[in-house]
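Text of entry-v4.csv (CSV, C-alpha atoms) as supplied:
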chain,number,residue,atom,x,y,z
A,1,MET,CA,-52.3,-45.2,-13.0
A,2,ILE,CA,-49.5,-44.2,-10.7
A,3,LEU,CA,-46.2,-42.6,-11.8
A,4,ALA,CA,-43.2,-43.6,-9.7
A,5,VAL,CA,-40.0,-41.5,-10.1
A,6,ASP,CA,-36.6,-42.5,-8.8
A,7,ILE,CA,-34.2,-39.5,-9.2
A,8,GLY,CA,-30.5,-40.6,-8.8
A,9,ASN,CA,-27.3,-38.6,-9.3
A,10,THR,CA,-26.9,-39.8,-12.9
A,11,ASN,CA,-30.3,-41.1,-14.1
A,12,ILE,CA,-34.0,-40.6,-13.4
A,13,THR,CA,-35.9,-43.9,-13.6
A,14,LEU,CA,-39.7,-43.7,-14.3
A,15,GLY,CA,-42.2,-46.4,-13.9
A,16,VAL,CA,-46.0,-46.3,-14.5
A,17,TYR,CA,-48.1,-48.8,-12.5
A,18,GLU,CA,-51.7,-49.9,-13.0
A,19,GLY,CA,-52.4,-51.5,-9.7
A,20,ASN,CA,-49.4,-53.6,-9.0
A,21,LYS,CA,-48.6,-54.2,-12.6
A,22,LEU,CA,-45.6,-52.3,-14.0
A,23,CYS,CA,-46.7,-51.0,-17.4
A,24,PHE,CA,-43.4,-49.6,-18.6
A,25,THR,CA,-40.1,-48.1,-17.4
A,26,SER,CA,-38.0,-45.3,-18.9
A,27,ARG,CA,-34.8,-43.4,-18.1
A,28,LEU,CA,-33.8,-39.8,-18.3
A,29,ALA,CA,-30.5,-38.1,-17.6
A,30,THR,CA,-30.4,-36.2,-14.3
A,31,ASP,CA,-29.7,-32.6,-15.2
A,32,VAL,CA,-29.9,-29.8,-12.5
A,33,ARG,CA,-30.1,-27.2,-15.3
A,34,ARG,CA,-33.5,-28.5,-16.6
A,35,THR,CA,-36.6,-26.6,-15.5
A,36,ALA,CA,-39.9,-27.9,-14.4
A,37,ASP,CA,-41.4,-27.1,-17.9
A,38,GLN,CA,-38.6,-29.1,-19.6
A,39,TYR,CA,-39.2,-32.1,-17.4
A,40,ALA,CA,-43.0,-31.8,-18.0
A,41,ILE,CA,-42.4,-31.9,-21.8
A,42,GLU,CA,-40.2,-35.0,-21.5
A,43,LEU,CA,-42.7,-36.7,-19.3
A,44,ARG,CA,-45.5,-36.0,-21.7
A,45,ASP,CA,-43.4,-37.3,-24.6
A,46,ILE,CA,-42.4,-40.5,-22.8
A,47,LEU,CA,-46.1,-41.2,-22.0
A,48,HIS,CA,-46.9,-40.6,-25.7
A,49,LEU,CA,-44.2,-43.0,-26.8
A,50,ASN,CA,-45.8,-45.7,-24.5
A,51,SER,CA,-49.4,-45.0,-25.9
A,52,MET,CA,-50.5,-43.1,-22.8
A,53,SER,CA,-51.4,-39.5,-22.0
A,54,SER,CA,-51.3,-37.2,-19.0
A,55,LYS,CA,-55.0,-38.0,-18.4
A,56,ASP,CA,-54.0,-41.6,-17.6
A,57,ILE,CA,-52.0,-40.6,-14.5
A,58,ASP,CA,-53.9,-40.0,-11.3
A,59,GLY,CA,-51.2,-40.2,-8.7
A,60,ALA,CA,-47.4,-39.8,-8.4
A,61,VAL,CA,-44.6,-40.6,-6.0
A,62,ILE,CA,-41.1,-39.2,-6.1
A,63,GLY,CA,-37.9,-40.3,-4.4
A,64,SER,CA,-34.9,-38.0,-5.1
A,65,VAL,CA,-31.3,-37.8,-3.9
A,66,VAL,CA,-30.8,-34.5,-5.9
A,67,PRO,CA,-33.0,-32.0,-4.1
A,68,SER,CA,-33.1,-29.3,-6.9
A,69,VAL,CA,-34.1,-31.9,-9.5
A,70,GLY,CA,-36.7,-33.4,-7.1
A,71,ALA,CA,-38.3,-30.0,-6.6
A,72,ALA,CA,-38.4,-29.3,-10.4
A,73,PHE,CA,-39.9,-32.7,-11.1
A,74,ASN,CA,-42.5,-32.2,-8.4
A,75,ARG,CA,-43.6,-29.0,-10.1
A,76,ALA,CA,-43.6,-30.7,-13.5
A,77,VAL,CA,-45.9,-33.5,-12.1
A,78,GLY,CA,-48.3,-30.8,-10.7
A,79,LYS,CA,-48.4,-28.9,-14.0
A,80,LEU,CA,-48.8,-32.0,-16.2
A,81,PHE,CA,-51.1,-34.2,-14.2
A,82,GLY,CA,-52.8,-31.8,-11.7
A,83,VAL,CA,-51.9,-34.0,-8.8
A,84,GLN,CA,-49.8,-33.5,-5.6
A,85,ALA,CA,-47.0,-36.1,-5.6
A,86,VAL,CA,-46.0,-38.0,-2.5
A,87,VAL,CA,-42.4,-37.0,-2.0
A,88,ILE,CA,-40.3,-39.3,0.2
A,89,GLY,CA,-38.8,-37.4,3.1
A,90,PRO,CA,-39.4,-36.6,6.8
A,91,GLY,CA,-43.1,-36.9,7.7
A,92,VAL,CA,-44.0,-39.3,4.9
A,93,ARG,CA,-45.1,-42.7,6.1
A,94,SER,CA,-43.0,-45.6,4.8
A,95,GLY,CA,-43.9,-48.3,7.2
A,96,LEU,CA,-40.2,-48.9,7.7
A,97,ASN,CA,-38.7,-48.9,11.2
A,98,ILE,CA,-35.4,-47.0,10.8
A,99,ARG,CA,-32.8,-47.4,13.6
A,100,ILE,CA,-29.9,-45.3,12.6
A,101,ASP,CA,-28.4,-42.2,14.4
A,102,ASN,CA,-30.5,-39.7,12.4
A,103,PRO,CA,-33.3,-41.3,10.4
A,104,ALA,CA,-34.0,-38.0,8.7
A,105,GLN,CA,-30.6,-38.3,6.9
A,106,LEU,CA,-31.6,-41.6,5.2
A,107,GLY,CA,-31.7,-41.1,1.4
A,108,ALA,CA,-34.9,-41.6,-0.5
A,109,ASP,CA,-33.3,-44.3,-2.6
A,110,LEU,CA,-32.3,-46.2,0.5
A,111,VAL,CA,-35.8,-45.9,2.0
A,112,ALA,CA,-37.4,-47.1,-1.2
A,113,GLY,CA,-35.1,-50.1,-1.6
A,114,ALA,CA,-35.4,-51.1,2.1
A,115,VAL,CA,-39.2,-50.8,2.0
A,116,ALA,CA,-39.5,-53.1,-1.1
A,117,ALA,CA,-36.9,-55.6,0.2
A,118,ALA,CA,-38.5,-55.9,3.6
A,119,ALA,CA,-41.9,-56.6,1.8
A,120,LYS,CA,-40.6,-59.0,-0.8
A,121,TYR,CA,-37.8,-61.1,0.6
A,122,PRO,CA,-36.9,-63.3,3.6
A,123,LYS,CA,-35.2,-61.3,6.4
A,124,PRO,CA,-32.5,-60.4,7.4
A,125,CYS,CA,-31.8,-58.9,4.0
A,126,ILE,CA,-28.9,-57.0,2.5
A,127,VAL,CA,-29.6,-54.7,-0.4
A,128,PHE,CA,-26.8,-53.5,-2.8
A,129,ASP,CA,-27.7,-50.6,-5.1
A,130,LEU,CA,-25.0,-50.2,-7.7
A,131,GLY,CA,-25.4,-46.7,-9.0
A,132,THR,CA,-23.1,-43.6,-9.0
A,133,ALA,CA,-22.4,-44.8,-5.4
A,134,THR,CA,-22.7,-48.4,-4.3
A,135,THR,CA,-24.9,-48.4,-1.3
A,136,VAL,CA,-25.5,-51.2,1.2
A,137,SER,CA,-28.7,-51.3,3.3
A,138,VAL,CA,-29.2,-53.9,6.1
A,139,ILE,CA,-32.6,-55.0,7.2
A,140,ASP,CA,-32.5,-57.2,10.3
A,141,ALA,CA,-34.7,-60.2,11.1
A,142,ASP,CA,-37.4,-57.9,12.5
A,143,GLY,CA,-37.6,-55.8,9.4
A,144,THR,CA,-35.8,-52.9,10.9
A,145,MET,CA,-33.4,-50.9,8.7
A,146,ILE,CA,-30.3,-50.8,11.0
A,147,GLY,CA,-27.7,-49.1,8.8
A,148,GLY,CA,-25.3,-50.0,5.9
A,149,ALA,CA,-22.3,-48.8,4.0
A,150,ILE,CA,-21.5,-46.5,1.0
A,151,ALA,CA,-18.7,-46.9,-1.5
A,152,ALA,CA,-17.9,-45.5,-5.0
A,153,GLY,CA,-19.9,-47.2,-7.7
A,154,PRO,CA,-18.1,-49.0,-10.6
A,155,VAL,CA,-18.6,-46.1,-13.1
A,156,THR,CA,-17.4,-43.6,-10.5
A,157,SER,CA,-14.3,-45.7,-9.9
A,158,LEU,CA,-13.6,-45.9,-13.7
A,159,GLU,CA,-14.1,-42.1,-14.1
A,160,ALA,CA,-11.6,-41.5,-11.2
A,161,LEU,CA,-9.0,-43.8,-12.7
A,162,ALA,CA,-9.3,-42.3,-16.2
A,163,ALA,CA,-9.4,-38.7,-15.0
A,164,HIS,CA,-6.5,-38.9,-12.5
A,165,THR,CA,-4.0,-41.2,-14.3
A,166,ALA,CA,-2.0,-40.4,-17.4
A,167,GLN,CA,-2.3,-43.8,-19.2
A,168,LEU,CA,-5.5,-45.4,-18.1
A,169,PRO,CA,-8.4,-44.9,-20.6
A,170,TYR,CA,-12.1,-44.8,-20.4
A,171,ILE,CA,-13.3,-48.3,-21.2
A,172,ASP,CA,-16.5,-50.3,-21.5
A,173,LEU,CA,-17.3,-52.0,-18.2
A,174,THR,CA,-17.6,-55.7,-19.2
A,175,ALA,CA,-16.1,-58.5,-17.1
A,176,PRO,CA,-12.9,-60.0,-18.4
A,177,LYS,CA,-12.5,-63.7,-18.9
A,178,ASN,CA,-9.9,-64.0,-16.1
A,179,VAL,CA,-9.3,-62.3,-12.8
A,180,ILE,CA,-5.6,-61.9,-13.8
A,181,GLY,CA,-5.6,-59.5,-16.6
A,182,SER,CA,-3.0,-59.7,-19.4
A,183,ASN,CA,-3.4,-56.2,-20.7
A,184,THR,CA,-4.3,-52.8,-19.4
A,185,ILE,CA,-8.0,-52.9,-20.3
A,186,ASP,CA,-8.6,-56.3,-18.9
A,187,CYS,CA,-6.7,-55.4,-15.7
A,188,MET,CA,-9.0,-52.4,-15.3
A,189,ARG,CA,-12.1,-54.5,-16.0
A,190,SER,CA,-11.0,-57.1,-13.5
A,191,GLY,CA,-10.3,-54.5,-10.8
A,192,ILE,CA,-13.6,-52.6,-11.3
A,193,ILE,CA,-16.1,-55.4,-12.1
A,194,ILE,CA,-14.7,-58.4,-10.3
A,195,GLY,CA,-13.4,-56.1,-7.6
A,196,ALA,CA,-17.0,-54.9,-7.1
A,197,ALA,CA,-18.2,-58.5,-7.0
A,198,ALA,CA,-15.6,-59.4,-4.4
A,199,MET,CA,-16.7,-56.4,-2.3
A,200,LEU,CA,-20.3,-57.6,-2.4
A,201,ASP,CA,-19.2,-61.1,-1.3
A,202,GLY,CA,-16.9,-59.7,1.4
A,203,MET,CA,-19.3,-57.1,2.8
A,204,ALA,CA,-22.1,-59.7,2.9
A,205,ALA,CA,-19.9,-62.0,5.0
A,206,ARG,CA,-18.8,-59.3,7.4
A,207,ILE,CA,-22.4,-58.0,7.8
A,208,GLU,CA,-23.7,-61.5,8.5
A,209,GLY,CA,-20.9,-61.9,11.1
A,210,GLU,CA,-22.3,-58.9,12.9
A,211,LEU,CA,-25.9,-60.1,12.5
A,212,GLY,CA,-25.1,-63.6,13.6
A,213,GLN,CA,-27.0,-65.2,10.8
A,214,ARG,CA,-27.2,-65.6,7.0
A,215,ALA,CA,-29.1,-63.0,5.0
A,216,THR,CA,-30.9,-62.7,1.7
A,217,LEU,CA,-28.8,-60.8,-0.7
A,218,VAL,CA,-30.5,-58.5,-3.3
A,219,ALA,CA,-28.9,-56.2,-5.9
A,220,THR,CA,-30.3,-53.5,-8.0
A,221,GLY,CA,-29.0,-50.7,-10.2
A,222,GLY,CA,-27.6,-50.3,-13.7
A,223,LEU,CA,-24.5,-52.6,-13.3
A,224,ALA,CA,-26.0,-55.1,-11.0
A,225,GLU,CA,-26.3,-57.9,-13.6
A,226,ARG,CA,-22.7,-57.6,-14.7
A,227,VAL,CA,-21.3,-57.4,-11.1
A,228,VAL,CA,-23.5,-60.2,-9.7
A,229,ALA,CA,-22.5,-62.6,-12.5
A,230,ASN,CA,-19.0,-62.5,-10.9
A,231,CYS,CA,-20.1,-63.0,-7.2
A,232,GLU,CA,-19.5,-66.2,-5.4
A,233,ARG,CA,-22.6,-65.8,-3.3
A,234,GLU,CA,-26.1,-66.2,-4.6
A,235,VAL,CA,-27.5,-62.7,-5.1
A,236,ILE,CA,-31.0,-61.9,-6.3
A,237,ILE,CA,-31.1,-59.2,-9.1
A,238,ASP,CA,-34.2,-57.0,-8.8
A,239,ASP,CA,-34.1,-54.2,-11.4
A,240,ASP,CA,-37.4,-52.6,-10.3
A,241,LEU,CA,-36.8,-52.8,-6.5
A,242,LEU,CA,-36.8,-49.0,-5.9
A,243,LEU,CA,-39.9,-48.4,-8.1
A,244,GLU,CA,-41.7,-51.0,-6.1
A,245,GLY,CA,-40.7,-49.4,-2.9
A,246,LEU,CA,-41.9,-46.1,-4.1
A,247,LEU,CA,-45.3,-47.6,-5.0
A,248,ILE,CA,-45.6,-49.1,-1.5
A,249,VAL,CA,-44.9,-45.7,0.1
A,250,TYR,CA,-47.4,-44.1,-2.2
A,251,GLU,CA,-50.1,-46.5,-1.1
A,252,LYS,CA,-49.4,-45.7,2.5
A,253,ASN,CA,-49.7,-42.0,1.9
A,254,LYS,CA,-52.3,-41.5,-0.9
A,255,ARG,CA,-55.0,-39.1,-0.2

For this file, produce the structure as structure tokens.
Amino acid sequence: MILAVDIGNTNITLGVYEGNKLCFTSRLATDVRRTADQYAIELRDILHLNSMSSKDIDGAVIGSVVPSVGAAFNRAVGKLFGVQAVVIGPGVRSGLNIRIDNPAQLGADLVAGAVAAAAKYPKPCIVFDLGTATTVSVIDADGTMIGGAIAAGPVTSLEALAAHTAQLPYIDLTAPKNVIGSNTIDCMRSGIIIGAAAMLDGMAARIEGELGQRATLVATGGLAERVVANCEREVIIDDDLLLEGLLIVYEKNKR
């Protein structure tokens, strides 16, 4: 079985694959203070909760946008499973043609998402990953990753509003019934959730204008479902997109 690990700024998403079958997923909080031993204990316990043991894992792949956590997790994997993980970065084969100014700067999450989208969906394809940041990846008709965009994610926008204004509270991010809010909370929900949906629609239209053709739209990330429900365009929700991309990269690099 193969362990795929997607380390984001807020959460770590784990997936265990048997062949191409996803057996289970789990989430941990990203914490730069945790040591390799602490992550190893958490990994062992998560496997136990899912009726597995460390002996069941014979390979691992890690994609991280937090270098210190990625390094600690890599050591944890080595200690617990006795394997050398494939870590997405320069020198690792992804099969993705990257045509940006500096391909080495492309984040592991963007690589994994683009690899999976190029393999699964009709091209050109636009991938929206709604996490701490909302990232946009553009794969052209030839399957080349040509660039994208980065904006603050919905939760980050909420935290900025609540932290830097005197009267705007922290709220639950659910969509309001109407775009025009009639109270402070609904106004915030409209601006953040429906505003994010409008950004996806608008960015897709502008990117398609530059591509000169319609694209397949794919969204992933924790708030994807809530945001996409308010989009005017058809957007495919793929919760496991990054894990599938990590698995593809593993298969291209396994020893």

Per residue of stretch 117-217 of chain A within 9 Å of stretch 231-238 of chain A, what are the shortest atom pair and its distance in Å to one decimal, counting all atoms listed in the file, with rows by chain and residue number, as CSV?
residue,atom,partner,partner_atom,distance
A:Ile194,CA,A:Cys231,CA,7.7
A:Ala196,CA,A:Cys231,CA,8.7
A:Ala197,CA,A:Cys231,CA,4.9
A:Ala198,CA,A:Cys231,CA,6.4
A:Met199,CA,A:Cys231,CA,8.9
A:Leu200,CA,A:Cys231,CA,7.2
A:Asp201,CA,A:Arg233,CA,6.1
A:Ala204,CA,A:Arg233,CA,8.7
A:Thr216,CA,A:Val235,CA,7.6
A:Leu217,CA,A:Val235,CA,5.0

Print the selection's residues with C-alpha atoms to a file, as a JSON list (two decimals), in the coordinates of the input.
[["chain", "number", "residue", "atom", "x", "y", "z"],
["A", 194, "ILE", "CA", -14.70, -58.40, -10.30],
["A", 196, "ALA", "CA", -17.00, -54.90, -7.10],
["A", 197, "ALA", "CA", -18.20, -58.50, -7.00],
["A", 198, "ALA", "CA", -15.60, -59.40, -4.40],
["A", 199, "MET", "CA", -16.70, -56.40, -2.30],
["A", 200, "LEU", "CA", -20.30, -57.60, -2.40],
["A", 201, "ASP", "CA", -19.20, -61.10, -1.30],
["A", 204, "ALA", "CA", -22.10, -59.70, 2.90],
["A", 216, "THR", "CA", -30.90, -62.70, 1.70],
["A", 217, "LEU", "CA", -28.80, -60.80, -0.70]]

Quiz item: Taking all atoms listed in the file into account, which of A:Leu22, A:Val227, A:Val77, A:Val87 comes nearest A:Asn253?
Solution: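 The answer is A:Val87, which sits nearest to A:Asn253.
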
Self-check item: Nearest to A:Leu49, chosen from A:Asp37, A:Ala151, A:Glu210, A:Thr25, with only C-alpha atoms counted in the distances
Solution: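 Between A:Asp37, A:Ala151, A:Glu210, A:Thr25, the residue approaching A:Leu49 most closely is A:Thr25.
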
Quiz item: For A:Arg214, which of A:Val86, A:His164, A:Asp240, A:Pro122 is the closest residue, counting only C-alpha atoms?
Solution: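 The shortest atom-to-atom distance to A:Arg214 comes from A:Pro122.
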
Self-check item: Surrounding residues of A:Asn74 excluding itself and chain neighbours under 2 positions, 12 Å, all atoms listed in the file, as a ChimeraX atom specification
Solution: /A:3-7,35-37,39-40,43,59-64,67-72,76-88

For the structure just given, write the atoms of stretch 207-218 of chain A, namely all heavy atoms, as an mmCIF file, in the first residue's frame.
data_model
loop_
_atom_site.group_PDB
_atom_site.id
_atom_site.type_symbol
_atom_site.label_atom_id
_atom_site.label_comp_id
_atom_site.auth_asym_id
_atom_site.auth_seq_id
_atom_site.Cartn_x
_atom_site.Cartn_y
_atom_site.Cartn_z
ATOM 1 N N ILE A 207 -9.520 33.686 -18.322
ATOM 2 C CA ILE A 207 -8.493 32.729 -18.751
ATOM 3 C C ILE A 207 -8.874 32.108 -20.094
ATOM 4 O O ILE A 207 -8.029 31.962 -20.991
ATOM 5 C CB ILE A 207 -8.291 31.642 -17.680
ATOM 6 C CG1 ILE A 207 -7.627 32.251 -16.444
ATOM 7 C CG2 ILE A 207 -7.441 30.484 -18.224
ATOM 8 C CD1 ILE A 207 -7.632 31.347 -15.227
ATOM 9 N N GLU A 208 -10.147 31.748 -20.246
ATOM 10 C CA GLU A 208 -10.611 31.198 -21.525
ATOM 11 C C GLU A 208 -10.451 32.212 -22.640
ATOM 12 O O GLU A 208 -10.154 31.847 -23.788
ATOM 13 C CB GLU A 208 -12.064 30.758 -21.406
ATOM 14 C CG GLU A 208 -12.232 29.487 -20.577
ATOM 15 C CD GLU A 208 -13.681 29.148 -20.297
ATOM 16 O OE1 GLU A 208 -14.533 30.065 -20.336
ATOM 17 O OE2 GLU A 208 -13.975 27.968 -20.054
ATOM 18 N N GLY A 209 -10.616 33.495 -22.327
ATOM 19 C CA GLY A 209 -10.395 34.529 -23.336
ATOM 20 C C GLY A 209 -8.952 34.539 -23.824
ATOM 21 O O GLY A 209 -8.690 34.736 -25.013
ATOM 22 N N GLU A 210 -8.004 34.305 -22.895
ATOM 23 C CA GLU A 210 -6.593 34.257 -23.290
ATOM 24 C C GLU A 210 -6.255 32.951 -24.006
ATOM 25 O O GLU A 210 -5.422 32.937 -24.917
ATOM 26 C CB GLU A 210 -5.700 34.439 -22.067
ATOM 27 C CG GLU A 210 -5.800 35.834 -21.453
ATOM 28 C CD GLU A 210 -4.783 36.067 -20.343
ATOM 29 O OE1 GLU A 210 -3.877 35.218 -20.168
ATOM 30 O OE2 GLU A 210 -4.896 37.094 -19.656
ATOM 31 N N LEU A 211 -6.907 31.848 -23.594
ATOM 32 C CA LEU A 211 -6.666 30.562 -24.254
ATOM 33 C C LEU A 211 -7.307 30.506 -25.636
ATOM 34 O O LEU A 211 -6.848 29.770 -26.516
ATOM 35 C CB LEU A 211 -7.223 29.418 -23.399
ATOM 36 C CG LEU A 211 -6.519 29.111 -22.078
ATOM 37 C CD1 LEU A 211 -7.312 28.067 -21.302
ATOM 38 C CD2 LEU A 211 -5.091 28.632 -22.320
ATOM 39 N N GLY A 212 -8.413 31.236 -25.787
ATOM 40 C CA GLY A 212 -9.135 31.215 -27.051
ATOM 41 C C GLY A 212 -10.075 30.026 -27.191
ATOM 42 O O GLY A 212 -10.524 29.721 -28.293
ATOM 43 N N GLN A 213 -10.392 29.353 -26.075
ATOM 44 C CA GLN A 213 -11.317 28.227 -26.116
ATOM 45 C C GLN A 213 -11.842 27.924 -24.717
ATOM 46 O O GLN A 213 -11.266 28.343 -23.716
ATOM 47 C CB GLN A 213 -10.640 26.989 -26.701
ATOM 48 C CG GLN A 213 -9.437 26.494 -25.920
ATOM 49 C CD GLN A 213 -8.702 25.375 -26.616
ATOM 50 O OE1 GLN A 213 -7.507 25.436 -26.813
ATOM 51 N NE2 GLN A 213 -9.400 24.313 -26.986
ATOM 52 N N ARG A 214 -12.959 27.196 -24.662
ATOM 53 C CA ARG A 214 -13.544 26.816 -23.389
ATOM 54 C C ARG A 214 -12.667 25.773 -22.698
ATOM 55 O O ARG A 214 -11.957 24.996 -23.353
ATOM 56 C CB ARG A 214 -14.947 26.237 -23.596
ATOM 57 C CG ARG A 214 -15.949 27.237 -24.131
ATOM 58 C CD ARG A 214 -16.600 28.039 -23.049
ATOM 59 N NE ARG A 214 -17.613 27.292 -22.313
ATOM 60 C CZ ARG A 214 -18.451 27.849 -21.442
ATOM 61 N NH1 ARG A 214 -18.390 29.153 -21.203
ATOM 62 N NH2 ARG A 214 -19.342 27.118 -20.801
ATOM 63 N N ALA A 215 -12.736 25.758 -21.366
ATOM 64 C CA ALA A 215 -11.907 24.845 -20.587
ATOM 65 C C ALA A 215 -12.776 24.048 -19.619
ATOM 66 O O ALA A 215 -13.876 24.462 -19.252
ATOM 67 C CB ALA A 215 -10.846 25.624 -19.811
ATOM 68 N N THR A 216 -12.267 22.888 -19.211
ATOM 69 C CA THR A 216 -12.880 22.115 -18.139
ATOM 70 C C THR A 216 -12.498 22.765 -16.816
ATOM 71 O O THR A 216 -11.323 23.052 -16.582
ATOM 72 C CB THR A 216 -12.372 20.663 -18.154
ATOM 73 O OG1 THR A 216 -12.597 20.093 -19.438
ATOM 74 C CG2 THR A 216 -13.085 19.825 -17.099
ATOM 75 N N LEU A 217 -13.474 23.001 -15.954
ATOM 76 C CA LEU A 217 -13.215 23.636 -14.664
ATOM 77 C C LEU A 217 -13.297 22.593 -13.556
ATOM 78 O O LEU A 217 -14.281 21.860 -13.454
ATOM 79 C CB LEU A 217 -14.221 24.759 -14.397
ATOM 80 C CG LEU A 217 -14.407 25.810 -15.500
ATOM 81 C CD1 LEU A 217 -15.350 26.908 -15.018
ATOM 82 C CD2 LEU A 217 -13.071 26.395 -15.932
ATOM 83 N N VAL A 218 -12.258 22.543 -12.724
ATOM 84 C CA VAL A 218 -12.183 21.565 -11.631
ATOM 85 C C VAL A 218 -11.845 22.310 -10.351
ATOM 86 O O VAL A 218 -10.969 23.177 -10.337
ATOM 87 C CB VAL A 218 -11.105 20.496 -11.903
ATOM 88 C CG1 VAL A 218 -11.066 19.471 -10.780
ATOM 89 C CG2 VAL A 218 -11.346 19.813 -13.248
#
